[in-house]
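Let me begin by presenting the structure, written as structure tokens, before commenting on it.
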Amino acid sequence: MIGRLRSAGAPYFAILPGGLWLAIFFVLPLFVMVSLSVQTGNLITGFQQTFHFANYSHVLSTYNKQLVRSLEYGAIATVLCVVLAYPMAYWIAFFGGRNKSTYLFLVLLPFFVTFVLRTVAWQFLLGDQGLVLGWLKSAGIVGQNFHVLATGAAVIAGLVYNYLPFMLLPIYVSLERIDPNLLEAAGDLYATRRQTFLRIVFPLTIPGIFAGVLLTFVPVVSDYVNASILGGTGQTMIGNIIQTLYLTNSDYPNASALSIVLMAILMIGIFVYARALGTRDLLDAAAG
Amino acid sequence: MATDPTISNLRLGRRDLFRYAGMGAGIATLAACGVSGEGKTQPTGTALKKQTTSFWDGKKKTGEVNWAQWPLYIDVGKSKGDHPSIDQFTAKTGIKVHYNEVIQDDDTFFAKVQPSLSAGQYSGYDVAVITNGIDFTRFLELDLFVPLEHSLMPNFEKYAGATYKTAAYDPGNVYSVPWQSGITGIAYNTKKVQKPLTSFFDLWDPALKGKVGMFADNEDLPNPMLVAMFGDPAKTGPTQWKAAAKKLNQQRTSGIVRKYYQQDYINALSTGDVWACQAWSGDIFQALESGATDLAFAIPSEGGVLWTDNMVLLKNIKNPVSSMMLIDWFYQPKIAAEVAEYVNYITPVPAAKPIVARDAAAASGSNKKTLQQIATSPLVFPTAADYSKLYRYRTLTNSELTTWNEIFEPVYQS
């Protein structure tokens, strides 16, 4: 009897540690954040619950520019990540041979260096007289006033660089799982390589791309390090604003309202995206 | 503000990481106890005197002090973590000092200790070093500092420079005494800018288009602008603030500003990514001392901003008397000179200058040159004329702060 109970309860015990962790460190703060987002007051007098929903319209009207910019940068960076990661993953999965794990290790290697340091290194590389531009300038290929740092392009490039592995790994996994016999069968049935790719390989990797897009787009939109290190004027992202509202201004209500707006936009985006690709793919991706 | 200048490029990141850590801690605390009813205003006049007396009455020396400090902001001995000035204090008094380099910026440190201080708990630190400005005022408004017992500070009374006894952010040094100070002025790359920059408005020169760096900071960007346009920021209000923001916005929209820097401007300035920028005196002095040849610093002719990092005692303190002894220890000219020789910011003890000069005379080689530079540099020992051109940050009450931030933050967060 006890044994049966235990075996029935086992799955629940298995999720207990993770579930508790999420309950304490995600659900509870989330609840506090929702409550804070409709409060008014300041740090000195304290914050009171007044159900002041105007906080939402305030942050939306004040920071819509940065919000739209973040989504735009996020979308561009994610698409670039797919374009760059897919061929790389494809090559490693099908032509990597015995050295596959070495190549994957190389892809992950930058992760052994702190995020911030990697981004700062770009400052040196891309400086106006730095390694890349200094050479191009002295060769007369680009003008003396040309610069990459302090532009939107630099921020997007930094985002792509920092999040590329998050895109590559899921795509690689989905490619790796393709049964080689399928490709052989396609060949036997006179499919061209193009047809094989478009009708067999690519559809089978959609769950991988889906997972990659999720893993990349969400953190990229809320990233604030790239904008502050590589950006200039007019590249402030929504993460920078939330940080300032929370830490510099101690404006917890508006910081919370803005965070919730961002979260809602991302969730709706993901939901629409999941519906468009079908829930089966979503489950596959989750299992992937 | 006066963070570790030698690795200026890493600072932003480290600072930001700490900010996120602080954010997490903050949220956790919010969840635990909510945010209502912090309001506890600071006492004044006789109430303050009474509170001070009753607090210090019967307090005794204890065996240790916990000190929260910024990184690389004190002398270092032969091995890392060995600080001769502190070691001498311990040898003399028997008080052990736990020296913690935990302050990355004022905002984060405030966010970190405020919840426990407001909850009546010991923050883990007796002494902390806080820059005059928004967070300092917040600490004061929430009554989170312990009033100092001046009878325990004979060296301060005797040796502190006059400027440091009359600061408007804490008149009469009721709660704070200076640790070190610095100047927010302008710096330029002499290879790129031929004519020396003298005016703050030189940073609006169309010839510098795309080559100017400004601070991304709600104190060091607005205050120097206010000084340049209106003189003492203390005498300005929202009308002047708006005018200053308009001028700053115009600088950005006409493409002159390349970037608003948090703390990482030195590298951009020395590589020529920016040719001229707002700068902190200590950073430039240290860059010059470590071999940079084409950097120059100027206090704008309209005036500059003097900021001060202050030693304070945090509420719910455990070792008050020993903390006072430690604070006063650093006002001995000899000890102040030892610190000045290492950190190169402005010491509040003018009498340290002849001691540095004497040490320079006794030293040899490159060390001699460095010490001579320190003893003679107006960036470490400003002259009376320099001081007369320096103003303090506008002290902002919490209600003014909202207006101030709404006016100035959009300038650098565009």
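Scheme for the structure tokens: letters A, B, ... for chains in order shown; per-chain residue numbers from 1; ligand numbers from 1 in order shown.
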Tell me as a short mmCIF file (atom, residue, chain, number, x, y, z; two decimals) with C-alpha atoms, in the first residue's frame which residues belonging to chain A come within 8 Å of chain B, counting only C-alpha atoms.
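Final file, selection_37.cif:
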```cif
data_model
loop_
_atom_site.label_atom_id
_atom_site.label_comp_id
_atom_site.auth_asym_id
_atom_site.auth_seq_id
_atom_site.Cartn_x
_atom_site.Cartn_y
_atom_site.Cartn_z
CA PHE A 25 11.56 33.18 -6.51
CA LEU A 28 5.88 35.46 -5.23
CA PRO A 29 7.95 38.35 -6.63
CA VAL A 32 4.46 41.63 -5.44
CA ASN A 42 7.68 57.39 -3.02
CA LEU A 43 10.45 55.78 -1.08
CA ILE A 44 10.43 58.33 1.72
CA THR A 45 6.71 58.37 2.49
CA GLY A 46 6.19 54.76 1.48
CA PHE A 47 4.06 53.29 -1.28
CA GLN A 48 0.32 52.91 -0.88
CA GLN A 66 12.29 52.62 -26.25
CA VAL A 116 30.27 41.90 -20.02
CA LEU A 117 33.92 41.29 -20.84
CA VAL A 120 33.74 45.28 -23.75
CA GLY A 127 36.88 51.49 -31.79
CA ASP A 128 37.16 54.31 -34.32
CA GLN A 129 40.89 53.64 -34.60
CA ALA A 150 27.68 54.18 -30.77
CA VAL A 225 24.28 45.65 -21.47
CA GLY A 231 25.27 52.05 -28.20
CA GLY A 232 25.39 55.83 -28.43
CA THR A 233 22.65 58.41 -28.19
CA GLY A 234 19.24 57.15 -29.22
CA GLN A 235 19.92 53.46 -28.62
CA THR A 236 18.47 53.15 -25.14
CA ILE A 241 14.89 52.27 -18.62
CA TYR A 246 14.12 50.86 -10.26
CA LEU A 247 17.60 51.68 -9.02
CA THR A 248 18.22 55.34 -9.69
CA ASN A 249 14.73 56.70 -9.22
#
```
>> I need the residues of segment 102-223 of chain A that end up classed as alpha helix (DSSP H) by DSSP on the backbone, written out as a ChimeraX atom specification.
In response: /A:102-108,115-126,131-138,152-176,180-188,193-196,202-222
Contacts of Gly74 of chain A at 7 Å (only C-alpha atoms; same-chain gap of 2+ positions) as a tab-separated table (two decimals) with C-alpha atoms, in the first residue's frame:
```
chain	number	residue	atom	x	y	z
A	70	SER	CA	13.69	47.04	-28.16
A	71	LEU	CA	11.18	44.89	-30.04
A	72	GLU	CA	12.65	46.03	-33.32
A	76	ILE	CA	16.29	41.96	-36.27
A	77	ALA	CA	18.83	40.26	-33.98
A	78	THR	CA	16.74	37.08	-33.81
A	217	PHE	CA	14.16	36.82	-28.69
A	220	VAL	CA	17.51	40.00	-26.42
A	221	VAL	CA	14.50	42.30	-26.07
```
>> I want to know what sits within 10 Å of Leu262 of chain A, based on only C-alpha atoms, with residues of the same chain fewer than 2 positions away left out; could you give that as a list in words?
In response: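 After dropping sequence-adjacent residues, the list is Leu67, Ser70, Leu71, Val218, Val221, Ser222, Ile238, Gly239, Ser256, Ala257, Leu258, Ser259, Ile260, Ala264, Ile265, Leu266 and Met267 of chain A.
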Expected file: the selected residues, C-alpha atoms, as an mmCIF file, in the first residue's frame:
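What landed in part-v7.cif:
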```
data_model
loop_
_atom_site.group_PDB
_atom_site.id
_atom_site.type_symbol
_atom_site.label_atom_id
_atom_site.label_comp_id
_atom_site.auth_asym_id
_atom_site.auth_seq_id
_atom_site.Cartn_x
_atom_site.Cartn_y
_atom_site.Cartn_z
ATOM 1 C CA LEU A 67 9.746 49.795 -26.114
ATOM 2 C CA SER A 70 13.686 47.038 -28.160
ATOM 3 C CA LEU A 71 11.177 44.889 -30.039
ATOM 4 C CA VAL A 218 13.043 37.051 -25.069
ATOM 5 C CA VAL A 221 14.497 42.303 -26.068
ATOM 6 C CA SER A 222 15.197 42.887 -22.401
ATOM 7 C CA ILE A 238 13.705 49.126 -22.404
ATOM 8 C CA GLY A 239 15.992 47.181 -20.045
ATOM 9 C CA SER A 256 6.939 47.272 -12.124
ATOM 10 C CA ALA A 257 4.293 48.544 -14.532
ATOM 11 C CA LEU A 258 6.847 48.765 -17.329
ATOM 12 C CA SER A 259 8.187 45.272 -16.575
ATOM 13 C CA ILE A 260 4.676 43.858 -16.706
ATOM 14 C CA ALA A 264 2.743 40.892 -21.497
ATOM 15 C CA ILE A 265 3.979 41.899 -24.927
ATOM 16 C CA LEU A 266 6.465 39.033 -24.976
ATOM 17 C CA MET A 267 3.874 36.505 -23.785
#
```
> Can you tell me how far atom CA of Lys59 of chain B sits from atom CA of Pro320 of chain B, in Å to one decimal?
Replying inline: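 Separation of atom CA of Lys59 of chain B and atom CA of Pro320 of chain B: 7.4 Å.
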> Rounded to one decimal in Å, what is the spacing between atom CA of Pro110 of chain A and atom CA of Gly212 of chain A?
Replying inline: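 We find that atom CA of Pro110 of chain A and atom CA of Gly212 of chain A lie 18.1 Å from each other.
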> Among segment 33-217 of chain A, which residues carry a DSSP assignment of strand (DSSP E or B), reported as a VMD selection string?
Replying inline: chain A and resid 39 to 42 46 to 49
> What is the distance, in Å and to one decimal place, between atom CA of Ala352 of chain B and atom CA of Lys334 of chain B?
Replying inline: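 Pair atom CA of Ala352 of chain B / atom CA of Lys334 of chain B returns 6.4 Å.
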>> List as a list of chain:residue names the protein and nucleic acid residues near Pro180 of chain A, meaning an atom at most 12 Å away when only C-alpha atoms are counted, but skip any in the same chain fewer than 2 places from it.
In response: A:Ala93, A:Phe94, A:Leu175, A:Glu176, A:Arg177, A:Ile178, A:Leu182, A:Leu183, A:Glu184, A:Ala185, A:Ala186, A:Gly187, A:Thr196, A:Ile200, A:Val201
> So which residues touch Thr119 of chain A within 8 Å, counting only C-alpha atoms, skipping near sequence neighbours fewer than 3 positions away, as a ChimeraX atom specification?
Replying inline: /A:115-116,122-123,158,162,226,229-230
>> Using only C-alpha atoms, can you tell me which of B:Ser270, B:Asn319, B:Ser151, B:Asn173 comes closest to Gly124 of chain B?
In response: B:Asn319
> Near Lys100 of chain A, within 12 Å and counting only C-alpha atoms, which residues show up once chain neighbours fewer than 4 positions away are dropped, as an NGL selection string?
Replying inline: :A and (88-96 or 104-107 or 172-173 or 176)
Generate a file of the selected residues that holds C-alpha atoms, formatted as a PDB file, in the first residue's frame.
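Below is the file that was written, again_0.pdb:
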```pdb
ATOM      1  CA  MET A  88      26.620  26.546 -38.954  1.00  0.00           C
ATOM      2  CA  ALA A  89      24.428  23.986 -37.208  1.00  0.00           C
ATOM      3  CA  TYR A  90      23.780  22.235 -40.526  1.00  0.00           C
ATOM      4  CA  TRP A  91      27.458  21.953 -41.272  1.00  0.00           C
ATOM      5  CA  ILE A  92      28.324  20.665 -37.819  1.00  0.00           C
ATOM      6  CA  ALA A  93      25.464  18.137 -37.806  1.00  0.00           C
ATOM      7  CA  PHE A  94      26.055  16.696 -41.276  1.00  0.00           C
ATOM      8  CA  PHE A  95      29.705  17.357 -42.012  1.00  0.00           C
ATOM      9  CA  GLY A  96      31.200  17.610 -38.537  1.00  0.00           C
ATOM     10  CA  LEU A 104      30.165  22.567 -30.511  1.00  0.00           C
ATOM     11  CA  PHE A 105      32.684  23.267 -27.807  1.00  0.00           C
ATOM     12  CA  LEU A 106      34.164  26.024 -29.965  1.00  0.00           C
ATOM     13  CA  VAL A 107      30.718  27.550 -30.374  1.00  0.00           C
ATOM     14  CA  TYR A 172      21.710  21.633 -34.058  1.00  0.00           C
ATOM     15  CA  VAL A 173      19.808  19.216 -31.845  1.00  0.00           C
ATOM     16  CA  GLU A 176      21.178  15.890 -35.383  1.00  0.00           C
TER      17      GLU A 176
END
```
>> So, with only C-alpha atoms as the atoms that count, which of B:Leu221, B:Ala298, B:Cys277, B:Val177 lies closest to Lys247 of chain B?
In response: B:Leu221
